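Text of data.txt, listed as compact mmCIF, C-alpha atoms and all ligand atoms:
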```txt
# COMPACT_ATOMS: atom_id res chain seq x y z
CA MET A 1 -41.37 9.32 31.25
CA GLN A 2 -41.74 6.49 28.76
CA PRO A 3 -39.98 3.20 29.57
CA LEU A 4 -36.38 3.18 28.36
CA SER A 5 -36.48 -0.48 27.36
CA GLY A 6 -38.75 -3.51 27.37
CA PRO A 7 -41.70 -4.48 25.15
CA LYS A 8 -43.59 -1.19 25.75
CA SER A 9 -40.73 0.97 24.58
CA MET A 10 -41.12 2.77 21.28
CA ARG A 11 -37.45 3.71 21.22
CA THR A 12 -34.92 2.25 18.84
CA PRO A 13 -31.73 0.74 20.33
CA LEU A 14 -29.79 3.72 19.02
CA GLY A 15 -32.22 6.21 20.52
CA ARG A 16 -31.94 4.50 23.86
CA VAL A 17 -28.19 4.88 24.18
CA ARG A 18 -27.72 8.16 22.33
CA ASN A 19 -25.98 10.74 24.55
CA LEU A 20 -25.57 8.26 27.39
CA GLY A 21 -22.16 6.76 26.67
CA ALA A 22 -20.43 3.85 28.36
CA SER A 23 -21.20 5.04 31.88
CA HIS A 24 -24.97 5.18 31.16
CA THR A 25 -25.07 8.54 32.91
CA GLY A 26 -24.69 10.77 29.88
CA THR A 27 -22.41 13.79 29.87
CA LYS A 28 -22.78 14.63 33.57
CA ASP A 29 -19.55 12.92 34.58
CA PHE A 30 -17.67 14.43 31.64
CA TRP A 31 -18.77 17.90 32.73
CA ARG A 32 -18.02 17.31 36.42
CA GLN A 33 -14.54 16.09 35.56
CA ARG A 34 -13.95 19.40 33.78
CA VAL A 35 -15.43 21.45 36.63
CA THR A 36 -13.22 19.71 39.19
CA ALA A 37 -10.18 20.06 36.89
CA VAL A 38 -10.71 23.84 36.66
CA ALA A 39 -11.29 23.98 40.43
CA MET A 40 -7.91 22.29 41.02
CA ILE A 41 -6.14 24.66 38.63
CA LEU A 42 -7.47 27.53 40.76
CA LEU A 43 -6.54 25.73 43.99
CA ILE A 44 -3.03 24.65 43.00
CA VAL A 45 -1.29 27.92 43.94
CA PRO A 46 -2.92 28.12 47.41
CA MET A 47 -2.13 24.40 47.88
CA VAL A 48 1.53 24.89 47.00
CA VAL A 49 1.72 27.81 49.44
CA VAL A 50 0.12 25.70 52.19
CA MET A 51 2.54 22.83 51.52
CA MET A 52 5.50 25.20 51.69
CA ILE A 53 4.28 26.65 54.99
CA LEU A 54 3.82 23.15 56.42
CA LEU A 55 7.09 21.57 55.33
CA GLY A 56 9.45 20.76 58.16
CA ARG A 57 7.02 21.53 61.00
CA ASN A 58 6.36 19.22 63.89
CA GLN A 59 2.90 17.79 64.56
CA ALA A 60 1.79 20.58 66.90
CA GLY A 61 2.79 23.25 64.40
CA ALA A 62 1.20 21.47 61.45
CA ALA A 63 -2.01 20.85 63.42
CA GLN A 64 -2.30 24.50 64.38
CA ILE A 65 -1.81 25.72 60.80
CA LEU A 66 -4.14 23.13 59.25
CA GLY A 67 -6.80 24.05 61.81
CA SER A 68 -6.94 27.70 60.84
CA PRO A 69 -10.07 28.51 58.80
CA PRO A 70 -8.61 29.67 55.45
CA ILE A 71 -6.15 26.76 55.29
CA ALA A 72 -8.70 24.18 56.39
CA ILE A 73 -11.11 25.45 53.72
CA ILE A 74 -8.45 25.35 50.99
CA MET A 75 -7.56 21.78 52.00
CA LEU A 76 -11.20 20.72 52.11
CA LEU A 77 -11.91 22.22 48.68
CA PHE A 78 -8.85 20.52 47.18
CA VAL A 79 -9.69 17.17 48.75
CA VAL A 80 -13.30 17.30 47.52
CA ALA A 81 -12.33 18.41 44.00
CA SER A 82 -9.47 15.94 43.61
CA ILE A 83 -11.30 12.91 44.99
CA TRP A 84 -14.43 13.62 42.96
CA HIS A 85 -12.27 14.10 39.85
CA MET A 86 -10.20 10.97 40.41
CA LYS A 87 -13.31 8.86 41.07
CA ILE A 88 -14.76 9.86 37.69
CA GLY A 89 -11.38 9.42 35.99
CA MET A 90 -10.88 5.92 37.39
CA GLN A 91 -14.39 4.94 36.32
CA VAL A 92 -13.56 5.98 32.74
CA ILE A 93 -10.42 3.85 32.88
CA ILE A 94 -12.36 0.85 34.25
CA GLU A 95 -14.96 1.21 31.50
CA ASP A 96 -12.19 1.28 28.92
CA TYR A 97 -10.36 -1.85 30.04
CA VAL A 98 -12.75 -4.07 31.99
CA HIS A 99 -15.21 -5.73 29.65
CA ASP A 100 -16.63 -8.52 31.76
CA GLU A 101 -19.90 -7.10 33.10
CA LYS A 102 -19.63 -8.54 36.63
CA THR A 103 -15.98 -7.58 37.10
CA LYS A 104 -16.76 -4.14 35.73
CA LEU A 105 -19.60 -3.55 38.21
CA ALA A 106 -17.46 -4.83 41.09
CA SER A 107 -14.56 -2.56 40.07
CA ILE A 108 -16.78 0.49 39.75
CA MET A 109 -18.26 -0.26 43.17
CA ALA A 110 -14.78 -0.68 44.70
CA ASN A 111 -13.76 2.63 43.12
CA ASN A 112 -16.76 4.33 44.73
CA PHE A 113 -16.03 2.81 48.15
CA PHE A 114 -12.34 3.73 47.96
CA SER A 115 -13.08 7.32 46.93
CA VAL A 116 -15.85 7.96 49.44
CA THR A 117 -13.76 6.46 52.26
CA LEU A 118 -10.78 8.68 51.43
CA ALA A 119 -12.98 11.78 51.10
CA LEU A 120 -14.74 11.25 54.42
CA ALA A 121 -11.51 10.29 56.21
CA ALA A 122 -9.86 13.50 54.97
CA ALA A 123 -12.89 15.60 55.88
CA TYR A 124 -12.97 13.99 59.32
CA ALA A 125 -9.31 14.85 59.91
CA ILE A 126 -9.74 18.45 58.73
CA PHE A 127 -12.85 19.01 60.89
CA LYS A 128 -11.11 17.45 63.87
CA LEU A 129 -8.13 19.77 63.43
CA SER A 130 -10.42 22.78 63.07
CA SER A 131 -12.34 22.06 66.26
CA GLY A 132 -9.12 21.66 68.22
CA VAL A 133 -9.77 18.30 69.88
CA MET B 134 -26.64 -8.23 28.67
CA THR B 135 -25.17 -6.65 25.63
CA ILE B 136 -25.38 -8.41 22.27
CA ARG B 137 -22.08 -8.62 20.38
CA ILE B 138 -22.45 -7.27 16.86
CA GLU B 139 -19.82 -8.18 14.27
CA ARG B 140 -18.47 -4.91 13.03
CA PRO B 141 -15.17 -3.63 11.69
CA LEU B 142 -12.61 -2.75 14.34
CA SER B 143 -10.12 0.07 14.12
CA PRO B 144 -6.51 -1.10 13.76
CA HIS B 145 -4.78 -1.67 17.05
CA LEU B 146 -2.26 0.63 18.70
CA GLN B 147 0.96 -0.90 17.36
CA ILE B 148 -0.08 -0.16 13.74
CA TYR B 149 0.47 3.57 14.17
CA ARG B 150 3.74 5.46 14.09
CA TRP B 151 4.62 6.42 17.64
CA THR B 152 4.16 10.17 18.25
CA LEU B 153 4.71 12.52 21.17
CA THR B 154 0.99 13.28 21.54
CA MET B 155 0.25 9.55 21.75
CA ALA B 156 2.93 8.98 24.36
CA LEU B 157 1.70 11.89 26.46
CA SER B 158 -1.88 10.71 26.19
CA ILE B 159 -0.82 7.53 27.95
CA VAL B 160 1.32 9.46 30.44
CA HIS B 161 -1.74 11.58 31.30
CA ARG B 162 -3.64 8.42 32.16
CA ALA B 163 -0.69 6.91 34.06
CA THR B 164 -0.17 10.07 36.13
CA GLY B 165 -3.92 10.14 36.84
CA VAL B 166 -3.70 6.61 38.24
CA ALA B 167 -0.55 7.46 40.23
CA LEU B 168 -2.29 10.49 41.74
CA TYR B 169 -5.31 8.31 42.54
CA PHE B 170 -3.20 6.10 44.79
CA GLY B 171 -1.06 9.04 45.92
CA THR B 172 -4.20 10.47 47.52
CA LEU B 173 -3.82 7.67 50.09
CA LEU B 174 -0.65 9.40 51.27
CA LEU B 175 -2.38 12.76 51.60
CA VAL B 176 -5.18 11.22 53.65
CA TRP B 177 -2.77 9.18 55.80
CA TRP B 178 -0.85 12.39 56.49
CA LEU B 179 -4.02 14.41 57.35
CA ILE B 180 -5.23 11.66 59.70
CA ALA B 181 -1.79 11.51 61.32
CA VAL B 182 -1.64 15.28 61.91
CA SER B 183 -5.06 15.13 63.53
CA SER B 184 -4.15 12.07 65.64
CA GLY B 185 -1.06 13.28 67.46
CA PRO B 186 2.75 13.30 67.59
CA GLY B 187 3.18 9.51 67.48
CA ALA B 188 1.18 9.01 64.29
CA TYR B 189 2.83 12.04 62.73
CA ALA B 190 6.30 10.73 63.53
CA ALA B 191 5.44 7.53 61.66
CA VAL B 192 4.52 9.50 58.52
CA GLN B 193 7.62 11.63 58.81
CA SER B 194 9.94 8.67 59.18
CA PHE B 195 8.41 7.39 55.94
CA THR B 196 8.62 10.69 53.99
CA ALA B 197 12.20 11.23 55.24
CA SER B 198 13.32 7.81 53.93
CA TRP B 199 14.75 7.69 50.42
CA ILE B 200 11.75 5.76 49.12
CA GLY B 201 9.39 8.26 50.75
CA ARG B 202 11.28 11.17 49.20
CA LEU B 203 11.17 9.46 45.82
CA ILE B 204 7.40 8.99 46.11
CA ALA B 205 6.88 12.62 47.20
CA PHE B 206 9.03 13.80 44.29
CA GLY B 207 7.20 11.49 41.89
CA TYR B 208 3.88 12.75 43.25
CA THR B 209 4.90 16.37 42.67
CA TRP B 210 5.91 15.61 39.10
CA ALA B 211 2.75 13.57 38.43
CA LEU B 212 0.61 16.45 39.71
CA MET B 213 2.44 19.19 37.78
CA HIS B 214 2.57 17.17 34.58
CA HIS B 215 -1.03 15.98 34.81
CA MET B 216 -2.21 19.53 35.52
CA LEU B 217 -0.44 21.06 32.50
CA SER B 218 -1.41 18.13 30.32
CA GLY B 219 -4.96 18.56 31.64
CA VAL B 220 -4.94 22.25 30.67
CA ARG B 221 -4.05 21.03 27.18
CA HIS B 222 -7.13 18.79 27.26
CA LEU B 223 -9.28 21.70 28.36
CA VAL B 224 -7.94 23.84 25.49
CA TRP B 225 -8.85 21.03 23.09
CA ASP B 226 -12.29 20.68 24.73
CA LEU B 227 -12.91 24.33 23.88
CA GLY B 228 -12.04 23.60 20.27
CA TYR B 229 -8.61 25.22 20.04
CA GLY B 230 -5.09 23.93 19.44
CA PHE B 231 -5.74 21.17 16.90
CA LYS B 232 -3.40 22.36 14.16
CA PRO B 233 -0.24 20.21 13.99
CA ALA B 234 2.11 22.99 15.11
CA GLU B 235 -0.22 24.04 17.95
CA ARG B 236 -0.81 20.58 19.32
CA GLU B 237 2.89 19.77 19.14
CA TRP B 238 3.69 23.02 20.97
CA LEU B 239 1.07 22.39 23.69
CA THR B 240 2.36 18.87 24.22
CA ARG B 241 5.99 19.95 24.47
CA ALA B 242 5.03 22.76 26.87
CA ALA B 243 3.25 20.27 29.15
CA LEU B 244 6.21 17.89 29.12
CA ILE B 245 8.92 20.47 29.73
CA GLY B 246 6.77 22.68 31.97
CA GLY B 247 5.94 19.74 34.24
CA ILE B 248 9.60 18.90 34.77
CA LEU B 249 10.62 22.54 35.29
CA LEU B 250 7.85 23.23 37.81
CA THR B 251 8.71 20.07 39.76
CA VAL B 252 12.40 20.90 40.00
CA LEU B 253 11.63 24.53 40.86
CA LEU B 254 9.21 23.57 43.63
CA TRP B 255 11.70 21.15 45.19
CA ILE B 256 14.46 23.73 45.09
CA VAL B 257 12.15 26.18 46.89
CA ALA B 258 11.05 23.44 49.33
CA TYR B 259 14.64 22.60 50.26
CA ALA B 260 15.64 26.28 50.35
CA ILE B 261 13.01 27.06 52.97
CA GLY B 262 14.08 24.05 55.02
CA GLY B 263 11.47 21.44 54.11
CA GLY B 264 14.16 18.88 53.35
CA ARG B 265 15.90 19.11 56.72
C1 LIG C 1 -4.33 19.68 39.09
C2 LIG C 1 -5.23 19.83 38.17
C3 LIG C 1 -5.80 18.73 37.31
C4 LIG C 1 -6.25 18.94 36.04
C5 LIG C 1 -6.25 20.26 35.28
C6 LIG C 1 -6.74 17.67 35.55
C7 LIG C 1 -7.32 17.50 34.30
C8 LIG C 1 -7.80 16.33 33.82
C9 LIG C 1 -8.52 16.17 32.58
C10 LIG C 1 -8.90 17.29 31.61
C11 LIG C 1 -8.82 14.85 32.43
C12 LIG C 1 -9.58 14.21 31.29
C13 LIG C 1 -8.63 13.69 30.27
C14 LIG C 1 -9.32 13.02 29.10
O1 LIG C 1 -10.43 13.42 28.73
O2 LIG C 1 -8.70 12.11 28.53
C15 LIG C 1 -8.27 14.17 33.59
C16 LIG C 1 -8.32 12.80 33.80
C17 LIG C 1 -7.97 12.18 34.99
N1 LIG C 1 -7.47 12.78 36.13
FE1 LIG C 1 -7.00 14.72 36.30
N2 LIG C 1 -6.57 16.71 36.50
C18 LIG C 1 -5.99 17.31 37.61
C19 LIG C 1 -5.66 16.68 38.81
C20 LIG C 1 -5.87 15.35 39.11
C21 LIG C 1 -5.63 14.72 40.41
C22 LIG C 1 -5.11 15.44 41.64
C23 LIG C 1 -5.97 13.40 40.25
C24 LIG C 1 -5.96 12.27 41.26
C25 LIG C 1 -6.05 12.42 42.55
C26 LIG C 1 -6.40 13.18 38.89
C27 LIG C 1 -6.80 11.98 38.35
C28 LIG C 1 -7.27 11.79 37.07
C29 LIG C 1 -7.64 10.52 36.52
C30 LIG C 1 -7.57 9.15 37.24
C31 LIG C 1 -8.07 10.77 35.20
C32 LIG C 1 -8.55 9.75 34.17
C33 LIG C 1 -7.44 9.51 33.19
C34 LIG C 1 -7.91 8.97 31.85
O3 LIG C 1 -9.10 8.83 31.60
O4 LIG C 1 -7.02 8.68 31.04
N3 LIG C 1 -6.34 14.39 38.22
N4 LIG C 1 -7.65 15.09 34.42
C1 LIG C 2 2.78 21.23 44.61
C2 LIG C 2 3.92 21.30 45.17
C3 LIG C 2 4.40 20.37 46.23
C4 LIG C 2 5.68 20.24 46.64
C5 LIG C 2 6.87 21.00 46.12
C6 LIG C 2 5.73 19.26 47.66
C7 LIG C 2 6.89 18.89 48.31
C8 LIG C 2 6.95 17.99 49.33
C9 LIG C 2 8.13 17.64 50.09
C10 LIG C 2 9.53 18.21 49.85
C11 LIG C 2 7.77 16.74 51.03
C12 LIG C 2 8.67 16.13 52.09
C13 LIG C 2 8.39 16.88 53.36
C14 LIG C 2 9.12 16.50 54.61
O1 LIG C 2 9.33 15.30 54.84
O2 LIG C 2 9.44 17.42 55.38
C15 LIG C 2 6.35 16.53 50.89
C16 LIG C 2 5.58 15.72 51.69
C17 LIG C 2 4.25 15.50 51.52
N1 LIG C 2 3.41 16.02 50.54
FE1 LIG C 2 3.95 17.40 49.23
N2 LIG C 2 4.47 18.77 47.86
C18 LIG C 2 3.62 19.42 47.00
C19 LIG C 2 2.26 19.25 46.86
C20 LIG C 2 1.51 18.34 47.57
C21 LIG C 2 0.11 18.15 47.41
C22 LIG C 2 -0.80 18.92 46.46
C23 LIG C 2 -0.23 17.16 48.28
C24 LIG C 2 -1.55 16.54 48.50
C25 LIG C 2 -2.50 16.45 47.61
C26 LIG C 2 0.95 16.75 48.99
C27 LIG C 2 1.03 15.78 49.97
C28 LIG C 2 2.16 15.51 50.72
C29 LIG C 2 2.19 14.63 51.85
C30 LIG C 2 0.99 13.88 52.39
C31 LIG C 2 3.49 14.65 52.36
C32 LIG C 2 4.03 13.93 53.59
C33 LIG C 2 3.89 14.86 54.79
C34 LIG C 2 5.15 15.49 55.35
O3 LIG C 2 6.10 14.78 55.71
O4 LIG C 2 5.19 16.73 55.48
N3 LIG C 2 1.99 17.49 48.52
N4 LIG C 2 5.87 17.29 49.85
```

Re-express the file's structure as structure tokens.
Amino acid sequence: MQPLSGPKSMRTPLGRVRNLGASHTGTKDFWRQRVTAVAMILLIVPMVVVMMILLGRNQAGAAQILGSPPIAIIMLLFVVASIWHMKIGMQVIIEDYVHDEKTKLASIMANNFFSVTLALAAAYAIFKLSSGV
Amino acid sequence: MTIRIERPLSPHLQIYRWTLTMALSIVHRATGVALYFGTLLLVWWLIAVSSGPGAYAAVQSFTASWIGRLIAFGYTWALMHHMLSGVRHLVWDLGYGFKPAEREWLTRAALIGGILLTVLLWIVAYAIGGGR
């Protein structure tokens, strides 16, 4: 691949940024936000049913239901789709409003840490419930 | 570092006549942000269920309080509204629904549909004993 910038680059400034957008990652994030949105539309009915089954139960009852394979998988899918989707969404918002380069990078990093922490914490809880410990 | 180029700017927000589609565009973003932080509650709850009765009781005492109920209700509305409003975005992404009557209809459907679904879900939730 030819260098994207620097003295050796033959590319014009416009050519360098074309199709990349503010996130510098091109249309990948845009597409993934749509994929995860469609995934959540498909998952919303199962999620509502799971919520309704869970409402009003005590911890032992909720733990048993959440640990059953179909429900654990629905939860896991929803958590992955929603956290991936919200991470991309929040990055778009940061890029829209935060213009100072350093603050922007720090915010995007914080957004990544927050999202990954929530995703792994949720996955940890779901796996723990499924293995019955 | 980016170099600032002097170029014409588009007029700022307050120049335009306020419309329903504009308002809902901002509501879509606001509900997205609310859901972002609402995910904390989901994860707290999952961790609590997997931790044991004590941790779970703490979550339940919060969700049973009036402020907890309000947040859960707000979360439900944010999710339902954002989902329907998001479907509207997906329709637009596919290139449909741009005619004035269509976009007005889609926007109204998202607004009213979100409220109806939220109320309906809470009626069902209380009917099956979730409210206690
Ligand atoms: C339930 C189904 C959902 C659908 C169909 C959906 C759809 C969408 C779509 C299409 C966008 C892009 C809007 C645009 O281009 O301006 C978007 C943005 C966003 N969504 Fe969702 N979403 C859903 C659920 C969620 C959830 C659960 C969260 C948070 C946990 C969330 C957080 C966000 C955020 C933060 C944005 C960025 C808002 C913006 O840029 O203005 N969404 N959503
Ligand atoms: C979509 C329809 C939904 C409805 C009607 C609904 C309704 C409710 C109600 C009535 C409560 C209070 C429960 C109680 O204290 O007994 C509650 C709690 C809760 N909801 Fe939902 N919810 C919905 C979806 C969701 C979703 C999609 C999530 C997660 C992404 C979620 C996360 C929670 C959490 C973490 C609690 C607190 C746990 C509890 O006390 O049971 N809810 N919800």

Can I get the residues of stretch 56-107 of chain A within 10 Å of stretch 124-133 of chain A, each with the closest pair of atoms and their distance in Å to one decimal, using only C-alpha atoms, sorted chain first then ascending number, as a tab-separated table?
```
residue	atom	partner	partner_atom	distance
A:Ala62	CA	A:Leu129	CA	9.7
A:Ala63	CA	A:Leu129	CA	6.2
A:Gln64	CA	A:Leu129	CA	7.6
A:Ile65	CA	A:Leu129	CA	9.1
A:Leu66	CA	A:Leu129	CA	6.7
A:Gly67	CA	A:Ser130	CA	4.0
A:Ser68	CA	A:Ser130	CA	6.4
A:Pro69	CA	A:Ser130	CA	7.2
A:Ile71	CA	A:Ile126	CA	9.7
A:Ala72	CA	A:Ile126	CA	6.3
A:Ile73	CA	A:Ile126	CA	8.7
A:Met75	CA	A:Ile126	CA	7.8
A:Leu76	CA	A:Ile126	CA	7.1
```

Go ahead and write the selection's residues with C-alpha atoms as a PDB file, in the frame of the given file.
```pdb
ATOM      1  CA  ALA A  62       1.200  21.470  61.450  1.00  0.00           C
ATOM      2  CA  ALA A  63      -2.010  20.850  63.420  1.00  0.00           C
ATOM      3  CA  GLN A  64      -2.300  24.500  64.380  1.00  0.00           C
ATOM      4  CA  ILE A  65      -1.810  25.720  60.800  1.00  0.00           C
ATOM      5  CA  LEU A  66      -4.140  23.130  59.250  1.00  0.00           C
ATOM      6  CA  GLY A  67      -6.800  24.050  61.810  1.00  0.00           C
ATOM      7  CA  SER A  68      -6.940  27.700  60.840  1.00  0.00           C
ATOM      8  CA  PRO A  69     -10.070  28.510  58.800  1.00  0.00           C
ATOM      9  CA  ILE A  71      -6.150  26.760  55.290  1.00  0.00           C
ATOM     10  CA  ALA A  72      -8.700  24.180  56.390  1.00  0.00           C
ATOM     11  CA  ILE A  73     -11.110  25.450  53.720  1.00  0.00           C
ATOM     12  CA  MET A  75      -7.560  21.780  52.000  1.00  0.00           C
ATOM     13  CA  LEU A  76     -11.200  20.720  52.110  1.00  0.00           C
TER      14      LEU A  76
END
```

Taking all listed atoms of ligand LIG 2 (chain C), build the axis-aligned box, pad each of the six sides by 3 Å, then write its centre and edge lengths in Å to one decimal as AutoDock Vina command-line options.
```
--center_x 3.5 --center_y 17.6 --center_z 50.2 --size_x 18.0 --size_y 13.4 --size_z 17.1
```

Per-residue nearest contacts of chain B to ligand LIG 1 (chain C) (6 Å; all atoms listed in the file) as CSV:
```
residue,atom,partner,partner_atom,distance
B:Arg162,CA,C:LIG1,O4,3.6
B:Gly165,CA,C:LIG1,C27,3.7
B:Val166,CA,C:LIG1,C30,4.7
B:Leu168,CA,C:LIG1,C24,4.1
B:Tyr169,CA,C:LIG1,C25,4.2
B:Thr172,CA,C:LIG1,C25,5.7
B:Leu212,CA,C:LIG1,C1,5.9
B:His215,CA,C:LIG1,N2,5.8
B:Met216,CA,C:LIG1,C2,4.0
B:Gly219,CA,C:LIG1,C7,3.7
B:Val220,CA,C:LIG1,C5,5.2
B:His222,CA,C:LIG1,C10,4.9
B:Leu223,CA,C:LIG1,C10,5.5
```

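Among A:Val48, A:Ala122, A:Ala81, A:Ile88, the residue with the shortest atom-to-atom distance to chain B, counting only C-alpha atoms, is A:Ala122.
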
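Nearest residue to ligand LIG 2 (chain C) among B:Tyr208, B:Tyr149, B:Phe170, B:Phe231 is B:Tyr208, counting all atoms listed in the file.
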
* Given a cut-off of 6 Å, what residues near ligand LIG 2 (chain C) show up using only C-alpha atoms and all ligand atoms, put as a ChimeraX atom specification? -> /A:47-48,51,55-56 /B:174-175,178,193,196-197,205,209,254-255,258,263-264

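Interatomic distance, atom CA of B:Glu139 to atom CA of A:His99: 16.2 Å.
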
* Which is closer to chain A than all the others in B:Gly185, B:Gly171, B:Gly246, B:Pro141, using all atoms listed in the file? -> B:Gly185

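Near chain A, the residues of chain B that fall inside 6 Å (using all atoms listed in the file) are Tyr169, Val176, Leu179, Ile180, Val182, Ser183, Pro186 and Gly263 of chain B.
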
Let's have the selection written as a PDB file, in the frame of the given file, with C-alpha atoms.
```
ATOM      1  CA  TYR B 169      -5.310   8.310  42.540  1.00  0.00           C
ATOM      2  CA  VAL B 176      -5.180  11.220  53.650  1.00  0.00           C
ATOM      3  CA  LEU B 179      -4.020  14.410  57.350  1.00  0.00           C
ATOM      4  CA  ILE B 180      -5.230  11.660  59.700  1.00  0.00           C
ATOM      5  CA  VAL B 182      -1.640  15.280  61.910  1.00  0.00           C
ATOM      6  CA  SER B 183      -5.060  15.130  63.530  1.00  0.00           C
ATOM      7  CA  PRO B 186       2.750  13.300  67.590  1.00  0.00           C
ATOM      8  CA  GLY B 263      11.470  21.440  54.110  1.00  0.00           C
TER       9      GLY B 263
END
```
